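Notes for the one structure printed next.
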Amino acid sequence: MMEVWDMEDRPQIGYSKKVMDHFMNPRNVGDIENADGIGTVGNPVCGDLMQVSIRVENDIITDIKFKTFGCGSAIATASMVTEMAKGKNIEEALKITRQDVADELEGLPPVKMHCSNLAADALHEAIKDYRAKKEGRKEAIEEPAR
Amino acid sequence: MVYLDHASSVPVDPRVLAFAGRYLKEEYGNPSSLYALGLSAKQAVEEARVGVAALVHAETPSTIVFTGSATESNNLAIRGTALRNRKKGKGILVSVIEHVSVLNPAKDLQKQGFDLGFVPVDHYGVVDLGFLEEHLTPGTTIVSVNYANDEIGTVEPVREAAAIVHEKGAFLHVNATAAGGRIPIDVQKDGIDLLTLSGNDLGGPRGAAALYIRPGVKVQTVIPGGGQEKGLRSGTENVFAVAGMGEAARIAALEMEGEMAREKAIRDSLIEEVLTIEDSYLTGHPDFRLPNHASFRFSRIEGESILLNLDTFFGIQVATGSACTSRTLEPSHVLLAIGLAHEEAHGSVVMSLGRSNAMDDVPLVRRAMKETVTRLRSISPL
Ligand code: FES
């Protein structure tokens, strides 16, 4: 009898259709004017750069944009993460992991997994920045009262 | 489709396939067999040796050893020469921009106690002959400099290097994978002791390459076995690929001059057009470069995404030295050696032309490059 192997056993060749779709038509490219939070992270592994800007209303991410200096997979993962985070509460958005992004993209070649780190990290940084700004604003408002 | 990656793979010339195909089907004998079928295979291998020897003006066909790949030829040259001449000394010098199939065997020998030195290059990728001269010692046995570099196209001053190397009694190995069949090579006039040639780069099938070994240069095998190729490369000859390489070499000898003038004209116009793009730069030497080779870098964008964009939207195939495409996620050692910063090496694009390219390709490539660079820059935060 002929052996039947799982698709899982075979190496993935090139990018998935979904990665190519996000590379060819990236969603949410750009900057947000007066963004509520901006996260910029560099990839320590290969020297790329990713930036995510968010607009937050009542702790919900109502708008999100990205910019990337990096490979096709870096562009696709950034685009994907913006789609996943849009409309989410910031607590939920903070829970998005690089694995989630890769899964949504129907997998990434193993050597490219680190690019999805970049996307998730930039989102988390943007949320942190938003929180820091909010704290800062609170302090600024509360200050005169003291 | 506009295929501009002949440095990676060359389509087999149909004339070569027509010539060599019979060694897969009808004349499938083993060259070591003594019946007629074996003898005709042997004859094919010997005729190929004549073709390859003639292309590089070798003294005799017997100077040519067939191997399975340029990587194997480079390994035989570096390991075989260093090991065979170890009594004389343990010095090895290689240029920093050598192919990994030269660098890695050399580093391997270093681990075994050999002294390895790297010869630097200038911003164009031209080897520093002064450094070479200073660092050659009586214990140096083998020096390796590529004839031309496949990533930046720069052609090296091989003749001058040979004179310096011979002055100190060492041997010069030259990797001519990228140069073979593209610029005239004369191993005798150039003073080359060992020369690597790739069959596929000449338009032959993959699976055959050659190492020219000047008479009198002592080399030991790195693949012991049945003793084929004068004991230097055991293993049943890949008659189909070897015969194909021989035929490709014969065609190259006849047609190189005209074909390269044609490709150079296309290439020149390609460089001129591409460099009209803002913040684009030529890498490698502007004049001393392979006639079929154009290499660039573009600021603020990354090579893999350029490559994907050109392929998916325009059907154009190119190469890049970006870190994102390498297995180690390190930028090309060649681009770093010519002084580029990591982020500059990131935006590298290599175009290598071949027979299928025509002047008509230039406007399409120009438009495709412009649109690609514009789109990717609009996504870039820089
Ligand atoms: S950004 Fe460099 S590999 Fe993806």
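Going by the structure tokens order, chains are called A, B, ..., each with residues numbered from 1, while ligands are numbered from 1 in the order shown.
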Using only C-alpha atoms, I'd like every residue of chain B that has an atom within 9 Å of chain A; please write them out as a PDB file with N, CA and C atoms, in the first residue's frame.
ATOM      1  N   ARG B 300      15.377  52.878   1.571  1.00  0.00           N
ATOM      2  CA  ARG B 300      14.137  52.846   2.353  1.00  0.00           C
ATOM      3  C   ARG B 300      13.178  51.685   2.045  1.00  0.00           C
ATOM      4  N   ILE B 301      13.571  50.782   1.150  1.00  0.00           N
ATOM      5  CA  ILE B 301      12.707  49.620   0.904  1.00  0.00           C
ATOM      6  C   ILE B 301      13.555  48.358   0.923  1.00  0.00           C
ATOM      7  N   GLU B 302      12.889  47.216   0.954  1.00  0.00           N
ATOM      8  CA  GLU B 302      13.569  45.953   1.187  1.00  0.00           C
ATOM      9  C   GLU B 302      13.480  45.063  -0.051  1.00  0.00           C
ATOM     10  N   GLY B 303      14.551  44.297  -0.298  1.00  0.00           N
ATOM     11  CA  GLY B 303      14.687  43.529  -1.530  1.00  0.00           C
ATOM     12  C   GLY B 303      13.704  42.400  -1.748  1.00  0.00           C
ATOM     13  N   GLU B 304      13.363  41.684  -0.684  1.00  0.00           N
ATOM     14  CA  GLU B 304      12.428  40.566  -0.900  1.00  0.00           C
ATOM     15  C   GLU B 304      11.080  41.082  -1.366  1.00  0.00           C
ATOM     16  N   SER B 305      10.637  42.187  -0.762  1.00  0.00           N
ATOM     17  CA  SER B 305       9.341  42.726  -1.175  1.00  0.00           C
ATOM     18  C   SER B 305       9.426  43.290  -2.596  1.00  0.00           C
ATOM     19  N   ILE B 306      10.590  43.807  -2.980  1.00  0.00           N
ATOM     20  CA  ILE B 306      10.772  44.280  -4.366  1.00  0.00           C
ATOM     21  C   ILE B 306      10.644  43.083  -5.315  1.00  0.00           C
ATOM     22  N   LEU B 308       9.194  40.133  -4.814  1.00  0.00           N
ATOM     23  CA  LEU B 308       7.817  39.612  -4.863  1.00  0.00           C
ATOM     24  C   LEU B 308       6.930  40.509  -5.701  1.00  0.00           C
ATOM     25  N   ASN B 309       7.085  41.821  -5.515  1.00  0.00           N
ATOM     26  CA  ASN B 309       6.263  42.773  -6.233  1.00  0.00           C
ATOM     27  C   ASN B 309       6.499  42.677  -7.746  1.00  0.00           C
ATOM     28  N   THR B 312       4.952  39.182  -8.920  1.00  0.00           N
ATOM     29  CA  THR B 312       3.498  39.005  -8.937  1.00  0.00           C
ATOM     30  C   THR B 312       2.785  40.021  -9.824  1.00  0.00           C
ATOM     31  N   PHE B 313       3.257  41.263  -9.839  1.00  0.00           N
ATOM     32  CA  PHE B 313       2.538  42.271 -10.625  1.00  0.00           C
ATOM     33  C   PHE B 313       3.038  42.392 -12.063  1.00  0.00           C
ATOM     34  N   SER B 322      19.242  40.940   0.129  1.00  0.00           N
ATOM     35  CA  SER B 322      18.655  41.369   1.406  1.00  0.00           C
ATOM     36  C   SER B 322      18.723  40.280   2.464  1.00  0.00           C
ATOM     37  N   ALA B 323      18.877  40.722   3.727  1.00  0.00           N
ATOM     38  CA  ALA B 323      18.912  39.791   4.857  1.00  0.00           C
ATOM     39  C   ALA B 323      17.644  38.947   4.912  1.00  0.00           C
ATOM     40  N   CYS B 324      16.518  39.532   4.522  1.00  0.00           N
ATOM     41  CA  CYS B 324      15.242  38.841   4.648  1.00  0.00           C
ATOM     42  C   CYS B 324      15.150  37.603   3.756  1.00  0.00           C
ATOM     43  N   THR B 325      15.998  37.491   2.757  1.00  0.00           N
ATOM     44  CA  THR B 325      15.921  36.326   1.873  1.00  0.00           C
ATOM     45  C   THR B 325      16.976  35.288   2.201  1.00  0.00           C
ATOM     46  N   ARG B 327      19.075  32.486   4.482  1.00  0.00           N
ATOM     47  CA  ARG B 327      18.720  31.484   5.489  1.00  0.00           C
ATOM     48  C   ARG B 327      19.116  31.944   6.883  1.00  0.00           C
ATOM     49  N   THR B 328      20.198  32.726   6.946  1.00  0.00           N
ATOM     50  CA  THR B 328      20.700  33.141   8.249  1.00  0.00           C
ATOM     51  C   THR B 328      20.147  34.498   8.680  1.00  0.00           C
ATOM     52  N   LEU B 329      19.348  35.127   7.815  1.00  0.00           N
ATOM     53  CA  LEU B 329      18.835  36.479   8.043  1.00  0.00           C
ATOM     54  C   LEU B 329      19.956  37.505   8.182  1.00  0.00           C
ATOM     55  N   GLU B 330      21.077  37.205   7.552  1.00  0.00           N
ATOM     56  CA  GLU B 330      22.205  38.141   7.478  1.00  0.00           C
ATOM     57  C   GLU B 330      22.212  38.714   6.065  1.00  0.00           C
ATOM     58  N   PRO B 331      22.525  40.016   5.921  1.00  0.00           N
ATOM     59  CA  PRO B 331      22.632  40.540   4.557  1.00  0.00           C
ATOM     60  C   PRO B 331      23.810  39.875   3.831  1.00  0.00           C
ATOM     61  N   HIS B 342      23.773  47.799   6.848  1.00  0.00           N
ATOM     62  CA  HIS B 342      22.725  46.773   6.785  1.00  0.00           C
ATOM     63  C   HIS B 342      21.483  47.263   6.046  1.00  0.00           C
ATOM     64  N   GLU B 343      21.023  48.468   6.392  1.00  0.00           N
ATOM     65  CA  GLU B 343      19.773  48.937   5.788  1.00  0.00           C
ATOM     66  C   GLU B 343      19.963  49.271   4.308  1.00  0.00           C
ATOM     67  N   HIS B 346      19.834  46.029   2.456  1.00  0.00           N
ATOM     68  CA  HIS B 346      18.446  45.595   2.451  1.00  0.00           C
ATOM     69  C   HIS B 346      17.740  45.841   1.134  1.00  0.00           C
ATOM     70  N   LEU B 376       6.208  50.472  -2.656  1.00  0.00           N
ATOM     71  CA  LEU B 376       6.828  50.008  -1.406  1.00  0.00           C
ATOM     72  C   LEU B 376       7.275  51.176  -0.537  1.00  0.00           C
ATOM     73  N   ARG B 377       7.689  52.261  -1.179  1.00  0.00           N
ATOM     74  CA  ARG B 377       8.068  53.431  -0.367  1.00  0.00           C
ATOM     75  C   ARG B 377       6.849  54.029   0.306  1.00  0.00           C
ATOM     76  N   SER B 378       5.669  53.912  -0.352  1.00  0.00           N
ATOM     77  CA  SER B 378       4.464  54.468   0.264  1.00  0.00           C
ATOM     78  C   SER B 378       4.070  53.650   1.492  1.00  0.00           C
ATOM     79  N   ILE B 379       4.558  52.417   1.578  1.00  0.00           N
ATOM     80  CA  ILE B 379       4.271  51.583   2.755  1.00  0.00           C
ATOM     81  C   ILE B 379       5.367  51.755   3.815  1.00  0.00           C
ATOM     82  N   SER B 380       6.530  52.239   3.383  1.00  0.00           N
ATOM     83  CA  SER B 380       7.674  52.316   4.303  1.00  0.00           C
ATOM     84  C   SER B 380       7.572  53.494   5.273  1.00  0.00           C
ATOM     85  N   PRO B 381       7.945  53.271   6.541  1.00  0.00           N
ATOM     86  CA  PRO B 381       7.899  54.372   7.513  1.00  0.00           C
ATOM     87  C   PRO B 381       9.097  55.316   7.369  1.00  0.00           C
ATOM     88  N   LEU B 382      10.060  54.971   6.524  1.00  0.00           N
ATOM     89  CA  LEU B 382      11.283  55.786   6.453  1.00  0.00           C
ATOM     90  C   LEU B 382      11.165  56.922   5.432  1.00  0.00           C
TER      91      LEU B 382
END
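All residues of protein, DNA or RNA that reach within 10 Å of Ala120 of chain A, judged by only C-alpha atoms and not counting those fewer than 4 positions away in the chain, are Val41, Met50, Val52, Thr77, Ala78, Met80, Val81, Thr82, Ala85, Ala93, Leu94, Lys95, Ile96, Thr97, Arg98, Gln99, Asp100, Val101, Cys115, Ser116, His124, Glu125 and Ala126 of chain A.
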Could the residues in this selection be saved with N, CA, C and O atoms as an mmCIF file, in the first residue's frame?
data_model
loop_
_atom_site.group_PDB
_atom_site.id
_atom_site.type_symbol
_atom_site.label_atom_id
_atom_site.label_comp_id
_atom_site.auth_asym_id
_atom_site.auth_seq_id
_atom_site.Cartn_x
_atom_site.Cartn_y
_atom_site.Cartn_z
ATOM 1 N N VAL A 41 8.623 49.427 16.249
ATOM 2 C CA VAL A 41 9.594 48.435 16.698
ATOM 3 C C VAL A 41 10.519 48.056 15.547
ATOM 4 O O VAL A 41 10.126 48.065 14.383
ATOM 5 N N MET A 50 8.838 48.455 11.849
ATOM 6 C CA MET A 50 7.391 48.439 11.711
ATOM 7 C C MET A 50 6.763 49.475 12.626
ATOM 8 O O MET A 50 7.194 49.647 13.762
ATOM 9 N N VAL A 52 2.920 51.042 13.972
ATOM 10 C CA VAL A 52 1.461 50.926 14.034
ATOM 11 C C VAL A 52 0.906 52.131 14.785
ATOM 12 O O VAL A 52 1.401 52.475 15.860
ATOM 13 N N THR A 77 1.953 40.563 7.527
ATOM 14 C CA THR A 77 1.598 40.375 8.933
ATOM 15 C C THR A 77 1.122 41.691 9.541
ATOM 16 O O THR A 77 0.194 41.705 10.340
ATOM 17 N N ALA A 78 1.731 42.804 9.137
ATOM 18 C CA ALA A 78 1.308 44.101 9.656
ATOM 19 C C ALA A 78 -0.112 44.393 9.201
ATOM 20 O O ALA A 78 -0.971 44.806 9.992
ATOM 21 N N MET A 80 -2.359 42.250 8.374
ATOM 22 C CA MET A 80 -3.243 41.314 9.062
ATOM 23 C C MET A 80 -3.529 41.764 10.483
ATOM 24 O O MET A 80 -4.667 41.736 10.948
ATOM 25 N N VAL A 81 -2.491 42.208 11.171
ATOM 26 C CA VAL A 81 -2.684 42.579 12.576
ATOM 27 C C VAL A 81 -3.606 43.801 12.685
ATOM 28 O O VAL A 81 -4.414 43.895 13.610
ATOM 29 N N THR A 82 -3.527 44.689 11.701
ATOM 30 C CA THR A 82 -4.417 45.859 11.760
ATOM 31 C C THR A 82 -5.870 45.414 11.575
ATOM 32 O O THR A 82 -6.767 45.902 12.243
ATOM 33 N N ALA A 85 -7.050 43.786 14.824
ATOM 34 C CA ALA A 85 -7.196 44.648 16.001
ATOM 35 C C ALA A 85 -8.329 45.665 15.861
ATOM 36 O O ALA A 85 -8.894 46.117 16.850
ATOM 37 N N ALA A 93 -7.135 43.342 22.209
ATOM 38 C CA ALA A 93 -6.083 43.562 21.211
ATOM 39 C C ALA A 93 -4.713 43.205 21.780
ATOM 40 O O ALA A 93 -3.850 42.693 21.068
ATOM 41 N N LEU A 94 -4.540 43.442 23.070
ATOM 42 C CA LEU A 94 -3.253 43.119 23.697
ATOM 43 C C LEU A 94 -3.000 41.612 23.718
ATOM 44 O O LEU A 94 -1.869 41.164 23.839
ATOM 45 N N LYS A 95 -4.104 40.863 23.617
ATOM 46 C CA LYS A 95 -3.952 39.396 23.678
ATOM 47 C C LYS A 95 -3.582 38.786 22.330
ATOM 48 O O LYS A 95 -3.327 37.580 22.248
ATOM 49 N N ILE A 96 -3.581 39.589 21.259
ATOM 50 C CA ILE A 96 -3.223 39.037 19.937
ATOM 51 C C ILE A 96 -1.742 38.666 19.942
ATOM 52 O O ILE A 96 -0.892 39.503 20.215
ATOM 53 N N THR A 97 -1.454 37.412 19.663
ATOM 54 C CA THR A 97 -0.053 36.959 19.663
ATOM 55 C C THR A 97 0.444 36.802 18.231
ATOM 56 O O THR A 97 -0.343 36.773 17.283
ATOM 57 N N ARG A 98 1.745 36.621 18.113
ATOM 58 C CA ARG A 98 2.307 36.423 16.775
ATOM 59 C C ARG A 98 1.782 35.135 16.155
ATOM 60 O O ARG A 98 1.596 35.039 14.954
ATOM 61 N N GLN A 99 1.487 34.157 17.020
ATOM 62 C CA GLN A 99 0.945 32.902 16.504
ATOM 63 C C GLN A 99 -0.441 33.127 15.911
ATOM 64 O O GLN A 99 -0.767 32.588 14.858
ATOM 65 N N ASP A 100 -1.243 33.964 16.608
ATOM 66 C CA ASP A 100 -2.579 34.278 16.079
ATOM 67 C C ASP A 100 -2.473 34.895 14.690
ATOM 68 O O ASP A 100 -3.231 34.560 13.782
ATOM 69 N N VAL A 101 -1.525 35.831 14.548
ATOM 70 C CA VAL A 101 -1.367 36.518 13.261
ATOM 71 C C VAL A 101 -0.966 35.505 12.189
ATOM 72 O O VAL A 101 -1.532 35.453 11.099
ATOM 73 N N CYS A 115 8.945 37.751 11.624
ATOM 74 C CA CYS A 115 8.326 38.970 11.093
ATOM 75 C C CYS A 115 6.980 39.207 11.758
ATOM 76 O O CYS A 115 6.563 40.354 11.950
ATOM 77 N N SER A 116 6.270 38.098 12.105
ATOM 78 C CA SER A 116 4.954 38.261 12.722
ATOM 79 C C SER A 116 5.108 38.780 14.148
ATOM 80 O O SER A 116 4.211 39.429 14.675
ATOM 81 N N HIS A 124 1.182 46.079 20.229
ATOM 82 C CA HIS A 124 1.235 46.168 21.696
ATOM 83 C C HIS A 124 1.906 47.468 22.153
ATOM 84 O O HIS A 124 1.455 48.100 23.105
ATOM 85 N N GLU A 125 2.951 47.849 21.433
ATOM 86 C CA GLU A 125 3.642 49.105 21.765
ATOM 87 C C GLU A 125 2.713 50.302 21.577
ATOM 88 O O GLU A 125 2.735 51.242 22.373
ATOM 89 N N ALA A 126 1.914 50.254 20.518
ATOM 90 C CA ALA A 126 0.996 51.354 20.245
ATOM 91 C C ALA A 126 -0.025 51.469 21.385
ATOM 92 O O ALA A 126 -0.373 52.578 21.823
#
### Task
Excluding Gly117 of chain B and residues on its chain fewer than 4 positions from it, collect all residues at most 10 Å away from it, counting only C-alpha atoms, and give them as an MDAnalysis selection string.
chainID B and resid 91:96 106:107 110 132 135:136 140 143
### Message
Restricting the calculation to only C-alpha atoms and all ligand atoms: of B:Ala163, B:Ala345, B:Leu129, B:Leu24, which residue gets closest to ligand 1?
### Response
B:Ala345
### Task
Going by DSSP on the backbone, which bits of chain A are strand (DSSP E or B)? Write them as a count of residues only, please.
27
### Picked from segment 86-123 of chain B by DSSP as alpha helix (DSSP H), as a list in words
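Checking each residue of segment 86-123 of chain B, the alpha helix (DSSP H) ones are Val100, Ser101, Val102, Leu103, Asn104, Pro105, Ala106, Lys107, Asp108, Leu109, Gln110 and Lys111 of chain B.
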### Message
When you count only C-alpha atoms, which of these residues is closest to Gly321 of chain B: B:Glu72, B:Glu26, B:Asp150, B:Glu272?
### Response
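Checking each of B:Glu72, B:Glu26, B:Asp150, B:Glu272 against Gly321 of chain B, counting only C-alpha atoms, the winner is B:Asp150.
Separating atom CA of Val45 of chain B from atom CA of Pro11 of chain B is a distance of 21.6 Å.
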Neighbours of segment 200-217 of chain B within 7 Å (only C-alpha atoms; same-chain residues fewer than 4 positions away dropped), as a PDB file with N, CA, C and O atoms, in the first residue's frame?
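That gives us part.pdb:
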ATOM      1  N   SER B   9      20.050  30.740 -12.413  1.00  0.00           N
ATOM      2  CA  SER B   9      19.785  29.590 -13.255  1.00  0.00           C
ATOM      3  C   SER B   9      19.617  30.060 -14.694  1.00  0.00           C
ATOM      4  O   SER B   9      18.990  31.078 -14.942  1.00  0.00           O
ATOM      5  N   VAL B  10      20.194  29.305 -15.611  1.00  0.00           N
ATOM      6  CA  VAL B  10      20.109  29.653 -17.030  1.00  0.00           C
ATOM      7  C   VAL B  10      19.292  28.564 -17.719  1.00  0.00           C
ATOM      8  O   VAL B  10      19.528  27.378 -17.483  1.00  0.00           O
ATOM      9  N   PRO B  11      18.306  28.956 -18.543  1.00  0.00           N
ATOM     10  CA  PRO B  11      17.576  27.916 -19.277  1.00  0.00           C
ATOM     11  C   PRO B  11      18.539  27.191 -20.216  1.00  0.00           C
ATOM     12  O   PRO B  11      19.423  27.816 -20.800  1.00  0.00           O
ATOM     13  N   VAL B  12      18.380  25.899 -20.340  1.00  0.00           N
ATOM     14  CA  VAL B  12      19.285  25.133 -21.201  1.00  0.00           C
ATOM     15  C   VAL B  12      19.046  25.518 -22.657  1.00  0.00           C
ATOM     16  O   VAL B  12      17.907  25.582 -23.117  1.00  0.00           O
ATOM     17  N   ASP B  13      20.118  25.803 -23.349  1.00  0.00           N
ATOM     18  CA  ASP B  13      20.053  26.124 -24.777  1.00  0.00           C
ATOM     19  C   ASP B  13      19.439  24.930 -25.518  1.00  0.00           C
ATOM     20  O   ASP B  13      19.889  23.798 -25.352  1.00  0.00           O
ATOM     21  N   VAL B  16      21.737  22.618 -27.116  1.00  0.00           N
ATOM     22  CA  VAL B  16      22.472  21.777 -26.173  1.00  0.00           C
ATOM     23  C   VAL B  16      21.631  20.559 -25.799  1.00  0.00           C
ATOM     24  O   VAL B  16      22.111  19.424 -25.779  1.00  0.00           O
ATOM     25  N   THR B  63      43.631  18.986 -18.796  1.00  0.00           N
ATOM     26  CA  THR B  63      43.673  19.880 -17.633  1.00  0.00           C
ATOM     27  C   THR B  63      42.288  20.039 -17.003  1.00  0.00           C
ATOM     28  O   THR B  63      42.161  20.629 -15.940  1.00  0.00           O
ATOM     29  N   ILE B  64      41.257  19.556 -17.720  1.00  0.00           N
ATOM     30  CA  ILE B  64      39.878  19.756 -17.257  1.00  0.00           C
ATOM     31  C   ILE B  64      39.374  18.544 -16.473  1.00  0.00           C
ATOM     32  O   ILE B  64      39.408  17.420 -16.966  1.00  0.00           O
ATOM     33  N   VAL B  65      38.906  18.781 -15.243  1.00  0.00           N
ATOM     34  CA  VAL B  65      38.278  17.737 -14.433  1.00  0.00           C
ATOM     35  C   VAL B  65      36.799  18.066 -14.325  1.00  0.00           C
ATOM     36  O   VAL B  65      36.439  19.184 -13.941  1.00  0.00           O
ATOM     37  N   PHE B  66      35.950  17.109 -14.682  1.00  0.00           N
ATOM     38  CA  PHE B  66      34.513  17.362 -14.534  1.00  0.00           C
ATOM     39  C   PHE B  66      34.049  17.012 -13.121  1.00  0.00           C
ATOM     40  O   PHE B  66      34.479  16.004 -12.546  1.00  0.00           O
ATOM     41  N   THR B  67      33.186  17.858 -12.601  1.00  0.00           N
ATOM     42  CA  THR B  67      32.601  17.626 -11.278  1.00  0.00           C
ATOM     43  C   THR B  67      31.088  17.762 -11.416  1.00  0.00           C
ATOM     44  O   THR B  67      30.584  17.915 -12.531  1.00  0.00           O
ATOM     45  N   GLY B  68      30.386  17.739 -10.278  1.00  0.00           N
ATOM     46  CA  GLY B  68      28.924  17.804 -10.334  1.00  0.00           C
ATOM     47  C   GLY B  68      28.347  19.192 -10.176  1.00  0.00           C
ATOM     48  O   GLY B  68      27.170  19.420 -10.444  1.00  0.00           O
ATOM     49  N   SER B  69      29.144  20.131  -9.719  1.00  0.00           N
ATOM     50  CA  SER B  69      28.637  21.494  -9.518  1.00  0.00           C
ATOM     51  C   SER B  69      29.819  22.429  -9.315  1.00  0.00           C
ATOM     52  O   SER B  69      30.924  21.989  -8.977  1.00  0.00           O
ATOM     53  N   ALA B  70      29.582  23.720  -9.487  1.00  0.00           N
ATOM     54  CA  ALA B  70      30.641  24.704  -9.242  1.00  0.00           C
ATOM     55  C   ALA B  70      31.061  24.652  -7.777  1.00  0.00           C
ATOM     56  O   ALA B  70      32.226  24.828  -7.439  1.00  0.00           O
ATOM     57  N   SER B  73      33.560  21.985  -7.561  1.00  0.00           N
ATOM     58  CA  SER B  73      34.837  22.420  -8.153  1.00  0.00           C
ATOM     59  C   SER B  73      35.586  23.319  -7.177  1.00  0.00           C
ATOM     60  O   SER B  73      36.801  23.184  -7.003  1.00  0.00           O
ATOM     61  N   THR B 177      32.517  31.091 -12.277  1.00  0.00           N
ATOM     62  CA  THR B 177      31.121  30.678 -12.474  1.00  0.00           C
ATOM     63  C   THR B 177      30.318  31.759 -13.190  1.00  0.00           C
ATOM     64  O   THR B 177      29.624  31.483 -14.165  1.00  0.00           O
ATOM     65  N   ALA B 178      30.448  32.991 -12.707  1.00  0.00           N
ATOM     66  CA  ALA B 178      29.667  34.081 -13.308  1.00  0.00           C
ATOM     67  C   ALA B 178      30.297  34.587 -14.603  1.00  0.00           C
ATOM     68  O   ALA B 178      29.600  35.062 -15.496  1.00  0.00           O
ATOM     69  N   GLY B 180      32.341  32.809 -16.826  1.00  0.00           N
ATOM     70  CA  GLY B 180      32.486  31.829 -17.901  1.00  0.00           C
ATOM     71  C   GLY B 180      31.470  32.027 -19.015  1.00  0.00           C
ATOM     72  O   GLY B 180      30.288  32.128 -18.745  1.00  0.00           O
ATOM     73  N   GLY B 181      31.940  32.100 -20.251  1.00  0.00           N
ATOM     74  CA  GLY B 181      31.037  32.268 -21.381  1.00  0.00           C
ATOM     75  C   GLY B 181      30.496  33.674 -21.519  1.00  0.00           C
ATOM     76  O   GLY B 181      29.697  33.956 -22.403  1.00  0.00           O
ATOM     77  N   ASP B 193      45.938  29.128 -12.115  1.00  0.00           N
ATOM     78  CA  ASP B 193      46.355  27.763 -11.808  1.00  0.00           C
ATOM     79  C   ASP B 193      45.176  26.808 -11.706  1.00  0.00           C
ATOM     80  O   ASP B 193      45.266  25.649 -12.070  1.00  0.00           O
ATOM     81  N   LEU B 194      44.075  27.323 -11.150  1.00  0.00           N
ATOM     82  CA  LEU B 194      42.858  26.503 -11.039  1.00  0.00           C
ATOM     83  C   LEU B 194      41.671  27.392 -11.373  1.00  0.00           C
ATOM     84  O   LEU B 194      41.600  28.533 -10.907  1.00  0.00           O
ATOM     85  N   LEU B 195      40.745  26.888 -12.186  1.00  0.00           N
ATOM     86  CA  LEU B 195      39.605  27.710 -12.616  1.00  0.00           C
ATOM     87  C   LEU B 195      38.311  26.907 -12.522  1.00  0.00           C
ATOM     88  O   LEU B 195      38.217  25.805 -13.074  1.00  0.00           O
ATOM     89  N   THR B 196      37.341  27.481 -11.839  1.00  0.00           N
ATOM     90  CA  THR B 196      36.026  26.834 -11.725  1.00  0.00           C
ATOM     91  C   THR B 196      35.093  27.356 -12.814  1.00  0.00           C
ATOM     92  O   THR B 196      34.986  28.560 -13.017  1.00  0.00           O
ATOM     93  N   ALA B 241      24.906  15.638 -18.620  1.00  0.00           N
ATOM     94  CA  ALA B 241      25.212  17.022 -18.210  1.00  0.00           C
ATOM     95  C   ALA B 241      26.600  17.435 -18.700  1.00  0.00           C
ATOM     96  O   ALA B 241      26.808  18.584 -19.116  1.00  0.00           O
ATOM     97  N   VAL B 242      27.544  16.502 -18.661  1.00  0.00           N
ATOM     98  CA  VAL B 242      28.907  16.809 -19.105  1.00  0.00           C
ATOM     99  C   VAL B 242      28.923  17.083 -20.616  1.00  0.00           C
ATOM    100  O   VAL B 242      29.504  18.074 -21.076  1.00  0.00           O
ATOM    101  N   GLY B 244      26.479  18.058 -22.357  1.00  0.00           N
ATOM    102  CA  GLY B 244      25.764  19.326 -22.526  1.00  0.00           C
ATOM    103  C   GLY B 244      26.669  20.511 -22.226  1.00  0.00           C
ATOM    104  O   GLY B 244      26.665  21.519 -22.935  1.00  0.00           O
ATOM    105  N   MET B 245      27.477  20.374 -21.178  1.00  0.00           N
ATOM    106  CA  MET B 245      28.384  21.463 -20.831  1.00  0.00           C
ATOM    107  C   MET B 245      29.404  21.676 -21.947  1.00  0.00           C
ATOM    108  O   MET B 245      29.729  22.813 -22.308  1.00  0.00           O
ATOM    109  N   ALA B 248      27.683  23.412 -24.769  1.00  0.00           N
ATOM    110  CA  ALA B 248      27.418  24.808 -24.385  1.00  0.00           C
ATOM    111  C   ALA B 248      28.712  25.620 -24.467  1.00  0.00           C
ATOM    112  O   ALA B 248      28.700  26.785 -24.886  1.00  0.00           O
ATOM    113  N   ALA B 249      29.833  25.009 -24.079  1.00  0.00           N
ATOM    114  CA  ALA B 249      31.123  25.706 -24.140  1.00  0.00           C
ATOM    115  C   ALA B 249      31.501  25.990 -25.592  1.00  0.00           C
ATOM    116  O   ALA B 249      31.997  27.072 -25.924  1.00  0.00           O
ATOM    117  N   ALA B 252      29.399  28.800 -26.756  1.00  0.00           N
ATOM    118  CA  ALA B 252      29.848  30.051 -26.126  1.00  0.00           C
ATOM    119  C   ALA B 252      31.093  30.587 -26.830  1.00  0.00           C
ATOM    120  O   ALA B 252      31.202  31.785 -27.101  1.00  0.00           O
TER     121      ALA B 252
END
### Query
atom CA of Ala162 of chain B and atom CA of Met260 of chain B are how many Å apart?
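Interatomic distance here is 25.5 Å.
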### Task
Choose the residue, out of A:Asn58, A:Leu123, A:Asp129, A:Tyr15, that has the smallest atom-to-atom separation from ligand 1; count only C-alpha atoms and all ligand atoms.
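So, comparing all the options, the nearest one is A:Tyr15.
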### Query
Suppose you want the space between atom CA of Thr71 of chain B and atom CA of Val219 of chain B; what is it in Å?
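These atoms are spaced 16.3 Å apart.
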### Residue neighbourhood Asp360 of chain B, 12 Å, only C-alpha atoms, exclusion window fewer than 5 positions, as a list of chain:residue names
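With the cut-off at 12 Å, the set is B:Met1, B:Val2, B:Ala265, B:Ile266, B:Arg267, B:Ser269, B:Leu270, B:Val365, B:Arg366.
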### Query
With only C-alpha atoms as the basis for distance, which of B:Lys87, B:Lys264, B:Arg15, B:Arg297 is at the shortest distance from Glu151 of chain B?
B:Arg297
### Selected residue, from B:Ser32, B:Gly347, B:Ile223, B:Gln188, that lies nearest to ligand 1 when counting only C-alpha atoms and all ligand atoms
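The closest residue to ligand 1 is B:Gly347.
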